[in-house]
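Read the structure below first, then the notes.
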Amino acid sequence: MRSTNKRFISALACASAMTALAIADPMGVTKTHQVVQAATDNVPARSAGVDVASWQGTNLTQQAKSGAKFTVVKVSESTNYQNPHAQGQINSAEQNNMMPMGYHYAHFGADSNRAVQEGNYAVSSAQQAGLPQGSYLAADWEQDAHNNTNGGREASANAITSFMDTVHNGGYNPMLYSSEWLLTAKVDTNKVTQKYPNSLWVAAYKTMGRQDQPDYNYFPSMSNVAIWQYTPNWRGQNVDGNVNVLPLSNKSNNANQANTNTLNVNTNGQSSSQAPANPVVNTSNKVVDTNWVKQEGTFTTGGAINLRTGASTNSKVIALLPANSEVKYDAYSTKGNYTWLRQPRANNQYGYLVGRANGQDWGTFKVAPVANHVTKPTTNTAKPAQNVNKPSQPVHVNTNNNVNNNWTKQNGVFITGGAINLRTGASTNSKVIALLPTNTEIKYDAYRTTGQYTWLRQPRANGQYGYLVGRDNGRAWGTFKAGSAVASKPAQNTNKPSQPVHTNTNNNVNSNWTKQNGVFITGGAINLRTGANTNSKVIALLPTNTEIKYDAYRTTGQYTWLRQPRANGQYGYLVGRNNGNAWGTFKAGSAVSTKPATNNKPAQNTHNNKPATNNSNWTKQNGVFITGGAINLRTGANTNSKVIALLPTNTEIKYDAYRTTGQYTWLRQPRTNGQYGYLVGRNNGNAWGTFKVGSAKATTPVVHQNVQKPVATTTNNNATWTKQNGTFITGGAINLRTGASTKSPIIETLPINTVIKYDAYYRAGKYVWLRQPRANGQYGYLVGRLNNQAWGTYR
């Protein structure tokens, strides 16, 4: 197996039993979330199953006809990716009488707080995809660049159980997926399985080739295994093959519950799988229909609230209702601190949710215009009244008693410059209401500086507030723009926030500057800093081809700095030249039509950009080269020459000459001001990209006869390979080599998230190699797995 809140959930087309929950979307249109029961609720032990992601399509009929009884569908990854085909895959599984399950690809590593965030995202994604409540929902915890598996066995186990707890509380049945090696080496699985017995889904392969049935001689030597993923190519369908060694059931999400089914295989005494929840049957509260006051009304949730099978916090969770969900209720009852609302559902069943706690509303009541019932639950002991028996406000209660003391009133708007916690009080110890993503627009009505932080106060529903940091040590954590009442930003005294952008740390940055309005286009990745000094703080890493407007420049030592005006009278600073060598392209500004030049200006290159011998012995040829991977563009035809830019894959380069020196054939790229850039076009005669016809000659750079052809350097490159067309996305930097051996020469180092199309794979010891077809009938080779652990994502 293997990265904006949505307020509606698409309806599922399913012939099984359904119940409907009204959800209000931002436009005020009521949508319907269909909570469906799976086509099948039980899968006997030793049944076949598959797991699928977005690239496998939505039609699972072939897998069902081949004998699959369950399907595990990827629903989400991290906190920002949802499988666009998840709903279709779940529908197809149900239509083919397979039990659907789900998995979430983890990025939380050993971070328990992050694990809770991802757990909530996974639950929400599963609900939106229509995965039935009570279904299995696994954490796919693998080793890659996004998931730190080196945080310690106990810390990793704690994070995993935090994710599983969140999934369990969201009404799903948690599981843990990973390889046998990773679970054994990196996770205290005893800690996980003590809380969630028989919850492991373990990958352990006998072969990377096709396998139709499990060979139980290779069963992973672990306890508490419920599902074994035994092949990455089940029945030649390029889909992972699984077998459940324990019976599966989605009728309860009590992780400690065991049934009486047993296995005929050696599973170290395991007794049963977990049993997930049935979303509609109310069995946990026997007196829910007594002492209820009839009232028809509508309640809009002010925050996330659990809908349960009974009027008790111990009752099973049917769904986690997001903020602004619209629920129609027909009665209410006060029990202790809570006032419960009763929601009629299909088949004469009910759902129950808290409407008040300790007299505080958890949302907004709107009562239907029915005789004798024209008010929301109110003022007597039988109704949700104005006393201690009313439920509390749905937004988190402020835990900081002095949050509204010594505040300066100001209406304004703040746009977050990164992810910032919104809290119940103006303290980093206060409870987190939400993690606001970058570019969230917040309206605030007051601010206050306490210690290093300037806090902003956000009015919320029912007279409550949320609090977030707007500045740290006077440095803005985002952008302030004018509010409706006060047009100025919080400023000008110790209790007001200071300037919102980065403070310049170089005191003399604006002395000895030469004024010039111009535009600079970065020729590579360049740091934008708070001062004209390489020790100044980095504001941003500007990517190649970023257009920067500057108003002045200054040469200090080897560097010529450009000054970029920013908001609120602040500046950013970047290097425009190094030793007179431009780090990009200057074009005319609005006031001065020339680029920085002479004396203290970014001057014409005083250092020849290429070695003295670089332009001797070159063969003239006008052509175009398209990079086949990331290649350095350098100031000279030498691997020791300075890098101008890292050219990404598929960059089109016009060259005017080439030359072979040693193993490399260099291409010469004309650049501005009579300068050149140099890049490798071939290594040992092996093209590092694609040559297409230039304007002067139709031939590609000639390879000298003494240069060996780029054949594989190991004898096993094309022997015993298994044919398979697929796509692999690197999970970190991986070497692409001339042969399937770690001793083979490196063609290039592929950066993270490089998409590689391969046509075959081969196992050599602990490595699984992928073969990439390249130009001229040649191949590149890279490691796709180590010890059965994927080094990226397969599609």
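Within each chain, counting starts at residue 1; across the structure tokens, chains are named A, B, ... in the order shown, with ligands numbered 1 upward in that order.
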Taking only C-alpha atoms into account, produce a table as a tab-separated table in which each residue of region 176-219 of chain A with an atom at most 12 Å from an atom of region 122-137 of chain A appears once, together with its shortest atom pair and the distance in Å to one decimal, ordered by chain and rising number.
residue	atom	partner	partner_atom	distance
A:Leu176	CA	A:Leu137	CA	8.6
A:Tyr177	CA	A:Leu137	CA	10.0
A:Ser199	CA	A:Tyr136	CA	9.5
A:Leu200	CA	A:Tyr136	CA	11.4
A:Trp201	CA	A:Tyr136	CA	10.9
- Task: Could you jot down the CA of Ile160 (chain A) to CA of Phe728 (chain A) separation for me, Å, one decimal place?
- Result: 26.4 Å
- Message: One decimal, in Å: what's the spacing between CA of Ala185 (chain A) and CA of Asn224 (chain A)?
- Response: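 A separation of 16.4 Å between them.
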- Closest to Asn147 (chain A) among A:Thr534, A:Gly732, A:Asp215, A:Lys206, using only C-alpha atoms?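 Between A:Thr534, A:Gly732, A:Asp215, A:Lys206, the residue approaching Asn147 (chain A) most closely is A:Gly732.
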- Message: List the spatial neighbours of Pro84 (chain A) as a PyMOL selection string - criterion: any atom at most 9 Å away, only C-alpha atoms, same-chain residues fewer than 4 positions off excluded.
- Response: chain A and resi 54+75+88+129
Atoms to include: N, CA, C and O atoms. Write the selected residues as a CSV table (one decimal), in the first residue's frame.
chain,number,residue,atom,x,y,z
A,54,SER,N,-6.4,5.1,-5.1
A,54,SER,CA,-7.0,5.8,-6.2
A,54,SER,C,-6.7,5.3,-7.6
A,54,SER,O,-7.5,5.4,-8.5
A,75,VAL,N,-8.9,5.8,2.2
A,75,VAL,CA,-9.8,7.0,2.2
A,75,VAL,C,-9.1,8.3,2.3
A,75,VAL,O,-9.6,9.3,1.9
A,88,GLY,N,-16.7,5.6,-4.9
A,88,GLY,CA,-17.0,4.6,-5.9
A,88,GLY,C,-16.5,3.2,-5.6
A,88,GLY,O,-17.1,2.2,-5.9
A,129,ALA,N,-16.8,9.4,2.4
A,129,ALA,CA,-16.8,8.4,1.3
A,129,ALA,C,-17.9,7.3,1.5
A,129,ALA,O,-18.1,6.5,0.6
- Find the residues around Thr730 (chain A) up to 8 Å (only C-alpha atoms counted), leave out those fewer than 3 positions away in its own chain, and share them as a ChimeraX atom specification. /A:733-734,750-756,791-793
- Shell of 8 Å around Gln669 (chain A), only C-alpha atoms, local chain residues under 5 positions omitted, as a list in words: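 Near Gln669 (chain A), the qualifying residues are Ile653, Lys654, Tyr655, Asp656, Ala657, Tyr676, Gly677, Tyr678 and Leu679 of chain A.
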- Message: With only C-alpha atoms as the counted atoms, please give the residues lying no more than 6 Å from Arg529 (chain A), apart from itself and same-chain residues fewer than 2 positions off, as a PyMOL selection string.
- Response: chain A and resi 531+536-539+572-573
- Query: Using only C-alpha atoms, which residues sit within 12 Å of region 721-725 of chain A once same-chain residues fewer than 2 positions away are excluded, as a ChimeraX atom specification?
  - Reply: /A:207-210,232-233,236-239,716-719,727-728,740,756-764,768-773,794-795
